[in-house]
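Coordinates from target-v5.cif are shown below (mmCIF, C-alpha atoms).
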data_model
#
loop_
_atom_site.label_atom_id
_atom_site.label_comp_id
_atom_site.auth_asym_id
_atom_site.auth_seq_id
_atom_site.Cartn_x
_atom_site.Cartn_y
_atom_site.Cartn_z
CA MET A 1 0.00 0.00 0.00
CA GLN A 2 1.26 3.43 -0.95
CA ILE A 3 0.93 5.29 2.31
CA GLN A 4 3.20 7.53 4.30
CA ASP A 5 2.42 6.39 7.80
CA ASP A 6 4.72 7.04 10.71
CA MET A 7 3.75 5.36 13.95
CA THR A 8 6.50 7.05 15.95
CA PHE A 9 5.17 10.43 14.95
CA GLN A 10 1.59 9.29 15.48
CA ARG A 11 2.34 8.16 19.04
CA ARG A 12 4.07 11.43 19.78
CA SER A 13 1.10 13.35 18.38
CA TRP A 14 -1.31 11.33 20.55
CA ALA A 15 0.81 12.11 23.62
CA VAL A 16 0.74 15.83 22.78
CA GLN A 17 -3.03 15.59 22.26
CA ARG A 18 -3.56 14.03 25.67
CA ALA A 19 -1.34 16.63 27.32
CA GLY A 20 -3.45 19.26 25.55
CA TRP A 21 -6.62 17.75 27.01
CA MET A 22 -5.11 18.04 30.49
CA VAL A 23 -4.32 21.70 29.86
CA MET A 24 -7.89 22.26 28.64
CA ALA A 25 -9.33 20.55 31.72
CA ALA A 26 -7.06 22.64 33.94
CA THR A 27 -8.18 25.81 32.13
CA VAL A 28 -11.85 24.98 32.66
CA ALA A 29 -11.19 24.14 36.33
CA ALA A 30 -9.30 27.42 36.77
CA ALA A 31 -12.14 29.32 35.09
CA LEU A 32 -14.71 27.66 37.35
CA ALA A 33 -12.66 28.66 40.37
CA GLY A 34 -12.57 32.22 39.07
CA LEU A 35 -8.91 32.47 38.11
CA LEU A 36 -9.87 33.82 34.69
CA GLY A 37 -12.29 36.42 35.99
CA SER A 38 -15.75 36.10 37.56
CA GLY A 39 -15.92 33.25 40.06
CA PRO A 40 -15.36 32.49 43.74
CA LEU A 41 -11.62 33.27 43.72
CA ALA A 42 -12.02 36.42 41.63
CA GLY A 43 -13.69 38.38 44.42
CA ALA A 44 -11.68 40.32 46.98
CA ARG A 45 -12.40 42.44 50.01
CA ALA A 46 -10.51 45.30 51.63
CA LEU A 47 -11.25 47.07 54.87
CA SER A 48 -9.90 50.45 55.97
CA ALA A 49 -9.29 51.72 59.47
CA ASP A 50 -12.10 54.28 59.02
CA GLY A 51 -14.60 51.51 58.53
CA ILE A 52 -15.13 51.53 54.76
CA GLU A 53 -15.23 48.08 53.25
CA ALA A 54 -14.66 47.53 49.54
CA SER A 55 -15.69 44.33 47.75
CA TYR A 56 -14.38 44.14 44.21
CA SER A 57 -13.21 41.75 41.53
CA ARG A 58 -9.47 41.38 41.70
CA LEU A 59 -9.70 39.46 38.43
CA THR A 60 -12.04 40.48 35.68
CA ARG A 61 -12.21 40.52 31.92
CA ARG A 62 -12.33 43.36 29.42
CA SER A 63 -15.92 44.37 28.56
CA LEU A 64 -17.39 42.38 31.43
CA PRO A 65 -19.51 44.42 33.87
CA SER A 66 -17.91 44.61 37.30
CA THR A 67 -19.15 46.15 40.52
CA LEU A 68 -17.18 47.75 43.33
CA GLU A 69 -19.31 47.48 46.47
CA LEU A 70 -18.62 49.98 49.22
CA ARG A 71 -20.04 49.42 52.70
CA PHE A 72 -19.75 51.81 55.59
CA THR A 73 -21.65 53.15 58.54
CA PRO A 74 -22.24 56.88 57.97
CA ARG A 75 -21.59 59.40 60.69
CA SER A 76 -23.77 62.17 59.26
CA THR A 77 -26.59 62.79 56.79
CA LEU A 78 -24.08 63.52 54.04
CA SER A 79 -21.13 61.22 53.37
CA THR A 80 -18.31 61.89 50.97
CA VAL A 81 -16.83 58.99 49.11
CA ALA A 82 -13.75 59.77 47.04
CA LEU A 83 -12.55 57.52 44.23
CA SER A 84 -9.32 57.61 42.29
CA ALA A 85 -10.10 59.48 39.06
CA VAL A 86 -7.50 57.51 37.09
CA TRP A 87 -9.07 54.27 38.25
CA ALA A 88 -12.59 55.53 37.40
CA ARG A 89 -11.50 56.41 33.88
CA ARG A 90 -9.52 53.22 33.18
CA ALA A 91 -12.06 50.91 34.82
CA GLY A 92 -14.81 52.47 32.70
CA LEU A 93 -17.12 53.91 35.36
CA GLU A 94 -20.70 53.52 34.16
CA ARG A 95 -23.04 54.14 37.07
CA ILE A 96 -23.15 54.78 40.78
CA VAL A 97 -26.04 53.44 42.84
CA PRO A 98 -27.52 55.29 44.69
CA GLU A 99 -27.08 58.37 42.57
CA PRO A 100 -24.84 60.86 44.45
CA GLU A 101 -26.17 64.25 45.43
CA SER A 102 -23.17 65.74 43.70
CA ALA A 103 -20.02 64.55 41.95
CA VAL A 104 -16.98 66.76 41.79
CA SER A 105 -13.67 66.06 40.15
CA SER A 106 -10.77 67.60 42.01
CA GLY A 107 -7.05 66.91 42.22
CA GLY A 108 -7.12 63.41 40.76
CA GLU A 109 -10.10 62.28 42.73
CA LEU A 110 -13.79 61.94 42.13
CA LEU A 111 -15.67 63.31 45.13
CA LEU A 112 -19.12 61.84 45.51
CA THR A 113 -21.48 63.29 48.05
CA LEU A 114 -24.21 60.88 49.11
CA ARG A 115 -27.25 61.34 51.28
CA THR A 116 -27.01 58.85 54.16
CA VAL A 117 -28.69 57.96 57.43
CA PRO A 118 -26.29 58.25 60.38
CA GLY A 119 -25.66 54.92 62.08
CA SER A 120 -27.46 52.90 59.43
CA PRO A 121 -25.14 50.81 57.22
CA ALA A 122 -24.85 52.20 53.71
CA LEU A 123 -24.09 50.35 50.49
CA VAL A 124 -22.80 52.11 47.40
CA LEU A 125 -22.41 50.25 44.12
CA VAL A 126 -19.88 51.52 41.62
CA GLU A 127 -20.53 49.80 38.31
CA THR A 128 -17.75 49.62 35.77
CA ARG A 129 -17.11 48.04 32.42
CA GLY A 130 -13.56 48.47 31.25
CA GLU A 131 -12.39 48.52 27.68
CA SER A 132 -8.69 48.33 28.48
CA ALA A 133 -6.85 45.32 29.81
CA GLY A 134 -4.03 45.38 32.35
CA LEU A 135 -3.38 46.14 35.98
CA LEU A 136 -5.67 48.73 37.56
CA ASP A 137 -4.75 50.42 40.80
CA GLY A 138 -7.53 52.23 42.58
CA TRP A 139 -8.38 53.60 45.96
CA VAL A 140 -11.42 54.80 47.82
CA ARG A 141 -11.67 57.20 50.73
CA LEU A 142 -14.49 57.97 53.14
CA ASP A 143 -15.05 61.48 54.52
CA GLY A 144 -11.47 62.62 53.94
CA GLY A 145 -9.92 59.65 55.75
CA ASP A 146 -7.03 57.51 54.59
CA PRO A 147 -7.31 56.04 51.10
CA LEU A 148 -8.07 52.32 50.93
CA PRO A 149 -6.09 50.94 48.00
CA PHE A 150 -7.15 48.01 45.84
CA ARG A 151 -5.76 46.38 42.74
CA GLN A 152 -7.55 44.71 39.84
CA LEU A 153 -6.25 42.68 36.93
CA VAL A 154 -8.31 43.07 33.78
CA LEU A 155 -7.71 40.19 31.38
CA PRO A 156 -7.88 40.96 27.66
CA MET B 1 -16.89 30.75 35.75
CA ASP B 2 -19.95 32.19 33.99
CA ALA B 3 -18.46 31.59 30.53
CA VAL B 4 -17.95 27.90 31.33
CA LEU B 5 -21.48 27.57 32.72
CA ARG B 6 -22.98 29.30 29.68
CA ALA B 7 -21.09 26.98 27.34
CA VAL B 8 -22.26 23.90 29.29
CA ALA B 9 -25.86 25.16 29.25
CA ILE B 10 -25.86 25.86 25.51
CA TYR B 11 -24.18 22.53 24.74
CA THR B 12 -26.78 20.67 26.81
CA ILE B 13 -29.72 22.55 25.28
CA LEU B 14 -28.48 21.95 21.72
CA MET B 15 -27.69 18.32 22.47
CA VAL B 16 -31.19 17.67 23.82
CA ILE B 17 -32.96 19.57 21.02
CA PHE B 18 -31.03 17.89 18.23
CA ARG B 19 -31.39 14.50 19.87
CA ILE B 20 -35.18 14.78 20.16
CA SER B 21 -35.51 16.28 16.68
CA GLY B 22 -34.46 12.89 15.31
CA LYS B 23 -31.89 11.58 12.88
CA ARG B 24 -33.45 12.83 9.71
CA SER B 25 -32.84 16.46 10.46
CA LEU B 26 -29.12 15.80 10.80
CA GLY B 27 -28.73 13.42 7.91
CA GLN B 28 -30.65 14.64 4.89
CA ILE B 29 -30.13 18.34 5.18
CA THR B 30 -32.26 20.53 2.94
CA THR B 31 -31.66 24.15 2.03
CA PHE B 32 -34.22 25.20 4.60
CA ASP B 33 -32.54 23.08 7.28
CA PHE B 34 -29.31 24.82 6.44
CA VAL B 35 -30.91 28.26 6.81
CA LEU B 36 -32.46 27.10 10.08
CA LEU B 37 -29.02 26.04 11.33
CA LEU B 38 -27.65 29.50 10.54
CA ILE B 39 -30.50 31.13 12.46
CA ILE B 40 -29.90 28.75 15.39
CA ALA B 41 -26.20 29.65 15.33
CA GLU B 42 -27.12 33.34 15.46
CA ALA B 43 -29.48 32.80 18.39
CA VAL B 44 -26.91 30.70 20.25
CA GLN B 45 -24.21 33.28 19.74
CA GLN B 46 -26.11 35.86 21.79
CA GLY B 47 -26.71 33.44 24.64
CA LEU B 48 -23.09 32.38 24.61
CA SER B 49 -21.30 35.71 24.61
CA TRP B 50 -23.75 37.60 26.88
CA GLN B 51 -21.96 40.96 27.23
CA ASP B 52 -18.60 39.23 27.35
CA TYR B 53 -16.60 40.37 24.36
CA SER B 54 -13.20 39.61 25.83
CA LEU B 55 -10.58 37.39 24.26
CA THR B 56 -10.36 35.36 27.47
CA GLY B 57 -14.13 34.81 27.37
CA ALA B 58 -14.04 33.58 23.77
CA PHE B 59 -11.11 31.30 24.59
CA LEU B 60 -12.99 29.87 27.58
CA LEU B 61 -16.10 29.20 25.52
CA ILE B 62 -14.11 27.35 22.87
CA VAL B 63 -12.12 25.32 25.40
CA THR B 64 -15.29 24.38 27.28
CA LEU B 65 -17.31 23.38 24.20
CA VAL B 66 -14.48 21.33 22.68
CA GLY B 67 -13.69 19.93 26.14
CA ILE B 68 -17.25 18.68 26.64
CA ASP B 69 -17.08 17.06 23.22
CA ILE B 70 -13.84 15.26 24.06
CA GLY B 71 -15.13 14.30 27.50
CA LEU B 72 -18.34 12.86 26.07
CA SER B 73 -16.47 10.91 23.39
CA LEU B 74 -14.32 9.33 26.11
CA LEU B 75 -17.40 8.61 28.21
CA LYS B 76 -19.21 7.03 25.25
CA ARG B 77 -16.34 4.59 24.75
CA ARG B 78 -16.51 3.53 28.38
CA ALA B 79 -20.28 3.31 28.71
CA PRO B 80 -22.10 1.87 25.67
CA SER B 81 -25.53 2.65 27.11
CA PHE B 82 -24.49 6.27 27.38
CA GLU B 83 -23.49 6.20 23.72
CA LYS B 84 -26.89 4.80 22.77
CA TRP B 85 -28.65 7.70 24.44
CA PHE B 86 -26.41 10.30 22.91
CA GLU B 87 -25.90 8.93 19.43
CA GLY B 88 -28.84 6.61 18.96
CA VAL B 89 -28.63 3.14 17.39
CA PRO B 90 -28.66 1.98 13.76
CA LEU B 91 -32.11 0.92 12.56
CA ILE B 92 -32.87 -1.71 9.91
CA ILE B 93 -35.69 -0.29 7.79
CA VAL B 94 -35.67 -2.72 4.83
CA GLU B 95 -35.13 -6.44 5.25
CA ASN B 96 -34.99 -8.87 2.31
CA GLY B 97 -36.55 -6.38 -0.06
CA ARG B 98 -39.46 -5.60 2.27
CA ALA B 99 -39.85 -2.28 3.95
CA ILE B 100 -40.54 -2.42 7.66
CA GLU B 101 -43.36 0.11 7.67
CA GLU B 102 -43.69 0.65 11.39
CA ARG B 103 -40.02 1.51 11.82
CA MET B 104 -39.96 3.75 8.77
CA LYS B 105 -42.99 5.65 9.95
CA LYS B 106 -41.46 6.21 13.39
CA ALA B 107 -38.14 7.27 11.91
CA ARG B 108 -39.92 9.58 9.44
CA VAL B 109 -38.33 7.94 6.41
CA ASP B 110 -40.32 6.67 3.44
CA GLU B 111 -39.70 4.24 0.59
CA ASP B 112 -38.72 7.10 -1.70
CA ASP B 113 -35.85 7.99 0.62
CA VAL B 114 -34.67 4.39 0.61
CA LEU B 115 -34.92 4.14 -3.17
CA ALA B 116 -33.10 7.45 -3.60
CA ALA B 117 -30.27 6.16 -1.40
CA ALA B 118 -30.27 2.87 -3.32
CA ARG B 119 -29.98 4.68 -6.67
CA GLU B 120 -27.37 7.08 -5.43
CA LEU B 121 -25.12 4.63 -3.61
CA ARG B 122 -25.63 1.37 -5.48
CA GLY B 123 -27.34 2.15 -8.75
CA LEU B 124 -30.32 -0.02 -7.81
CA GLU B 125 -33.70 0.35 -9.45
CA ARG B 126 -36.23 -1.53 -7.35
CA MET B 127 -37.01 -2.36 -3.76
CA ASP B 128 -36.61 -6.10 -4.34
CA GLN B 129 -32.93 -5.58 -5.18
CA ILE B 130 -32.29 -4.32 -1.67
CA ARG B 131 -31.36 -6.90 0.90
CA TYR B 132 -31.00 -4.50 3.79
CA ALA B 133 -31.40 -0.78 4.21
CA VAL B 134 -30.14 0.67 7.45
CA LEU B 135 -30.82 4.10 8.89
CA GLU B 136 -27.45 4.79 10.43
CA ARG B 137 -26.79 6.77 13.60
CA SER B 138 -25.55 9.67 11.49
CA GLY B 139 -28.95 9.83 9.76
CA HIS B 140 -27.72 8.44 6.46
CA ILE B 141 -29.32 5.43 4.82
CA THR B 142 -26.92 2.66 3.82
CA ILE B 143 -27.95 0.01 1.32
CA ILE B 144 -26.83 -3.59 1.19
CA PRO B 145 -27.95 -5.07 -2.14
CA TYR B 146 -28.53 -8.74 -3.02
CA PRO B 147 -25.33 -10.16 -4.53
CA GLY B 148 -25.22 -9.28 -8.24
CA ALA B 149 -27.85 -6.55 -8.04
CA GLY B 150 -26.88 -3.12 -9.37
CA THR B 151 -23.37 -1.76 -9.77
CA ALA B 152 -21.40 -0.37 -6.88
CA ARG B 153 -20.00 3.05 -7.48
CA ALA B 154 -16.23 3.39 -7.19
CA ALA B 155 -16.43 6.11 -4.61
CA GLY B 156 -19.31 6.30 -2.21
#
The structure in this file should be written as structure tokens.
Amino acid sequence: MQIQDDMTFQRRSWAVQRAGWMVMAATVAAALAGLLGSGPLAGARALSADGIEASYSRLTRRSLPSTLELRFTPRSTLSTVALSAVWARRAGLERIVPEPESAVSSGGELLLTLRTVPGSPALVLVETRGESAGLLDGWVRLDGGDPLPFRQLVLP
Amino acid sequence: MDAVLRAVAIYTILMVIFRISGKRSLGQITTFDFVLLLIIAEAVQQGLSWQDYSLTGAFLLIVTLVGIDIGLSLLKRRAPSFEKWFEGVPLIIVENGRAIEERMKKARVDEDDVLAAARELRGLERMDQIRYAVLERSGHITIIPYPGAGTARAAG
């Protein structure tokens, strides 16, 4: 029979194939765990000394909606939450819930003034959808306190 | 995680729908079936990507879909009953020149389909030249003629 078979090559190719399957299985497992954005391991939490808690995705993907959740107990009827302006731009800030009373941009920060009830836990959602991939460094500050830094990796 | 789950959901839905739609729709594809497949692909695409236009997301979808396919093929080899459910079983529809009406009716195949396959594959003219006609798992009809009947084509 006129055929160009090569069993040595064939065996090698099968071995490579099987190794590839393992890599695929590992990729799916990693994705399920959240190592490729959105999943249990993708979420992170940071807490500042002034009592502001930030829940965010440390791993996300370009174009995927992501929410930064800020929790704090307000001290007065108006609370000021400041966000890094560079982060807001690069992360693709889309919406803030509840809508702030006012938003002012000043000296590299976005100052959001929110109506709050003193002593009653407040939750602010900062919704983003980034178009650029890479490392994003952000911070958030409550009522002029110390900035609480956080870091996100946006996969392409 | 969500990309993997979406891929699994779409794969399962398509698998179930195409399995219950029967063999015929996969085997003898008409122009309309083809158009229908394109529309289905378009509908599936929206469910699959769901706001995720990232490269990582696309990669995950592909790896998951191909991975399920490989996984199922391995599972089918191990468990024959599993294979029966997923792929179906071959069905004899003509035996010794006589059509088995009940089976043909259930499988939505008629004598014309059998004769068309007999002409196309074996150059046969009449039902009595067919020893067996089998509706294969792929949806194609294969013809086994009586010895000496018709002329086999060089390439099937």
> B:Val8: which residues within 9 Å, counting only C-alpha atoms, same-chain residues fewer than 3 positions away excluded, as a PyMOL selection string?
Replying inline: chain B and resi 3-5+11-13+61+64-65+68
Output C-alpha atoms of each residue in that selection to a file, as a compact mmCIF listing (two decimals), in the coordinates of the input.
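Done, and the output landed in out28.txt:
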# COMPACT_ATOMS: atom_id res chain seq x y z
CA ALA B 3 -18.46 31.59 30.53
CA VAL B 4 -17.95 27.90 31.33
CA LEU B 5 -21.48 27.57 32.72
CA TYR B 11 -24.18 22.53 24.74
CA THR B 12 -26.78 20.67 26.81
CA ILE B 13 -29.72 22.55 25.28
CA LEU B 61 -16.10 29.20 25.52
CA THR B 64 -15.29 24.38 27.28
CA LEU B 65 -17.31 23.38 24.20
CA ILE B 68 -17.25 18.68 26.64
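Using all atoms listed in the file, the shortest contact distance between A:Pro147 and any of A:Thr67, A:Thr8, A:Ser84, A:Ser132 is found at A:Ser84.
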> Selected by the PyMOL selection byres ((chain A) within 10 of (chain B)) in the shown coordinates: which residues, as a ChimeraX atom specification?
Replying inline: /A:21-25,27-42,60-65,131,133,154-156
Dump as a PDB file, keeping the file's coordinate frame, selection limited to C-alpha atoms:
ATOM      1  CA  TRP A  21      -6.620  17.750  27.010  1.00  0.00           C
ATOM      2  CA  MET A  22      -5.110  18.040  30.490  1.00  0.00           C
ATOM      3  CA  VAL A  23      -4.320  21.700  29.860  1.00  0.00           C
ATOM      4  CA  MET A  24      -7.890  22.260  28.640  1.00  0.00           C
ATOM      5  CA  ALA A  25      -9.330  20.550  31.720  1.00  0.00           C
ATOM      6  CA  THR A  27      -8.180  25.810  32.130  1.00  0.00           C
ATOM      7  CA  VAL A  28     -11.850  24.980  32.660  1.00  0.00           C
ATOM      8  CA  ALA A  29     -11.190  24.140  36.330  1.00  0.00           C
ATOM      9  CA  ALA A  30      -9.300  27.420  36.770  1.00  0.00           C
ATOM     10  CA  ALA A  31     -12.140  29.320  35.090  1.00  0.00           C
ATOM     11  CA  LEU A  32     -14.710  27.660  37.350  1.00  0.00           C
ATOM     12  CA  ALA A  33     -12.660  28.660  40.370  1.00  0.00           C
ATOM     13  CA  GLY A  34     -12.570  32.220  39.070  1.00  0.00           C
ATOM     14  CA  LEU A  35      -8.910  32.470  38.110  1.00  0.00           C
ATOM     15  CA  LEU A  36      -9.870  33.820  34.690  1.00  0.00           C
ATOM     16  CA  GLY A  37     -12.290  36.420  35.990  1.00  0.00           C
ATOM     17  CA  SER A  38     -15.750  36.100  37.560  1.00  0.00           C
ATOM     18  CA  GLY A  39     -15.920  33.250  40.060  1.00  0.00           C
ATOM     19  CA  PRO A  40     -15.360  32.490  43.740  1.00  0.00           C
ATOM     20  CA  LEU A  41     -11.620  33.270  43.720  1.00  0.00           C
ATOM     21  CA  ALA A  42     -12.020  36.420  41.630  1.00  0.00           C
ATOM     22  CA  THR A  60     -12.040  40.480  35.680  1.00  0.00           C
ATOM     23  CA  ARG A  61     -12.210  40.520  31.920  1.00  0.00           C
ATOM     24  CA  ARG A  62     -12.330  43.360  29.420  1.00  0.00           C
ATOM     25  CA  SER A  63     -15.920  44.370  28.560  1.00  0.00           C
ATOM     26  CA  LEU A  64     -17.390  42.380  31.430  1.00  0.00           C
ATOM     27  CA  PRO A  65     -19.510  44.420  33.870  1.00  0.00           C
ATOM     28  CA  GLU A 131     -12.390  48.520  27.680  1.00  0.00           C
ATOM     29  CA  ALA A 133      -6.850  45.320  29.810  1.00  0.00           C
ATOM     30  CA  VAL A 154      -8.310  43.070  33.780  1.00  0.00           C
ATOM     31  CA  LEU A 155      -7.710  40.190  31.380  1.00  0.00           C
ATOM     32  CA  PRO A 156      -7.880  40.960  27.660  1.00  0.00           C
TER      33      PRO A 156
END
>> Please enumerate the residues selected by the PyMOL selection byres ((chain A and resi 45-48) around 9) when evaluated against the supplied file, formatted as JSON, numbers by chain.
In response: {"A": [43, 44, 49, 50, 51, 52, 53, 54, 55, 56, 57, 58, 141, 146, 147, 148, 149, 150]}
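Here atom CA of A:Leu110 and atom CA of A:Leu153 stand 21.3 Å from one another.
Restricting the calculation to only C-alpha atoms, the smallest distance between A:Gly138 and any of A:Ile3, A:Ala15, A:Val81, A:Ala91 is found for A:Ala91.
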Go through the shown structure with the PyMOL selection byres ((chain B and resi 142-146) around 7) and write out the matching residues as a PDB file with C-alpha atoms, keeping the file's coordinate frame.
ATOM      1  CA  ALA B 118     -30.270   2.870  -3.320  1.00  0.00           C
ATOM      2  CA  GLN B 129     -32.930  -5.580  -5.180  1.00  0.00           C
ATOM      3  CA  ILE B 130     -32.290  -4.320  -1.670  1.00  0.00           C
ATOM      4  CA  ARG B 131     -31.360  -6.900   0.900  1.00  0.00           C
ATOM      5  CA  TYR B 132     -31.000  -4.500   3.790  1.00  0.00           C
ATOM      6  CA  ALA B 133     -31.400  -0.780   4.210  1.00  0.00           C
ATOM      7  CA  VAL B 134     -30.140   0.670   7.450  1.00  0.00           C
ATOM      8  CA  LEU B 135     -30.820   4.100   8.890  1.00  0.00           C
ATOM      9  CA  GLU B 136     -27.450   4.790  10.430  1.00  0.00           C
ATOM     10  CA  HIS B 140     -27.720   8.440   6.460  1.00  0.00           C
ATOM     11  CA  ILE B 141     -29.320   5.430   4.820  1.00  0.00           C
ATOM     12  CA  PRO B 147     -25.330 -10.160  -4.530  1.00  0.00           C
ATOM     13  CA  GLY B 148     -25.220  -9.280  -8.240  1.00  0.00           C
ATOM     14  CA  ALA B 149     -27.850  -6.550  -8.040  1.00  0.00           C
TER      15      ALA B 149
END
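Nearest to A:Glu127 of all the residues A:Glu101, A:Asp5, A:Asp143, A:Glu69 is A:Glu69, based on all atoms listed in the file.
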Hey, could you pull the box centre and edge lengths for stretch 56-64 of chain B, axis-aligned, 4 Å padding per side, all listed atoms, to one decimal in Å, as JSON?
{"center_x": -13.2, "center_y": 29.9, "center_z": 25.2, "size_x": 13.7, "size_y": 19.0, "size_z": 12.7}
> In Å to one decimal, how far is atom CA of B:Phe82 from atom CA of B:Ala117?
Replying inline: 29.4 Å
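With distances taken over only C-alpha atoms, A:Gly92 is the one residue among A:Pro118, A:Gly92, A:Gly144, A:Pro98 lying closest to A:Gly130.
Take atom CA of B:Pro90 and atom CA of B:Arg137: the distance between them is 5.1 Å.
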Would you output stretch 43-72 of chain A from that structure, restricted to C-alpha atoms, as a JSON list (two decimals), in the first residue's frame?
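Once written, out33.json looks like this:
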[["chain", "number", "residue", "atom", "x", "y", "z"],
["A", 43, "GLY", "CA", -13.69, 38.38, 44.42],
["A", 44, "ALA", "CA", -11.68, 40.32, 46.98],
["A", 45, "ARG", "CA", -12.40, 42.44, 50.01],
["A", 46, "ALA", "CA", -10.51, 45.30, 51.63],
["A", 47, "LEU", "CA", -11.25, 47.07, 54.87],
["A", 48, "SER", "CA", -9.90, 50.45, 55.97],
["A", 49, "ALA", "CA", -9.29, 51.72, 59.47],
["A", 50, "ASP", "CA", -12.10, 54.28, 59.02],
["A", 51, "GLY", "CA", -14.60, 51.51, 58.53],
["A", 52, "ILE", "CA", -15.13, 51.53, 54.76],
["A", 53, "GLU", "CA", -15.23, 48.08, 53.25],
["A", 54, "ALA", "CA", -14.66, 47.53, 49.54],
["A", 55, "SER", "CA", -15.69, 44.33, 47.75],
["A", 56, "TYR", "CA", -14.38, 44.14, 44.21],
["A", 57, "SER", "CA", -13.21, 41.75, 41.53],
["A", 58, "ARG", "CA", -9.47, 41.38, 41.70],
["A", 59, "LEU", "CA", -9.70, 39.46, 38.43],
["A", 60, "THR", "CA", -12.04, 40.48, 35.68],
["A", 61, "ARG", "CA", -12.21, 40.52, 31.92],
["A", 62, "ARG", "CA", -12.33, 43.36, 29.42],
["A", 63, "SER", "CA", -15.92, 44.37, 28.56],
["A", 64, "LEU", "CA", -17.39, 42.38, 31.43],
["A", 65, "PRO", "CA", -19.51, 44.42, 33.87],
["A", 66, "SER", "CA", -17.91, 44.61, 37.30],
["A", 67, "THR", "CA", -19.15, 46.15, 40.52],
["A", 68, "LEU", "CA", -17.18, 47.75, 43.33],
["A", 69, "GLU", "CA", -19.31, 47.48, 46.47],
["A", 70, "LEU", "CA", -18.62, 49.98, 49.22],
["A", 71, "ARG", "CA", -20.04, 49.42, 52.70],
["A", 72, "PHE", "CA", -19.75, 51.81, 55.59]]
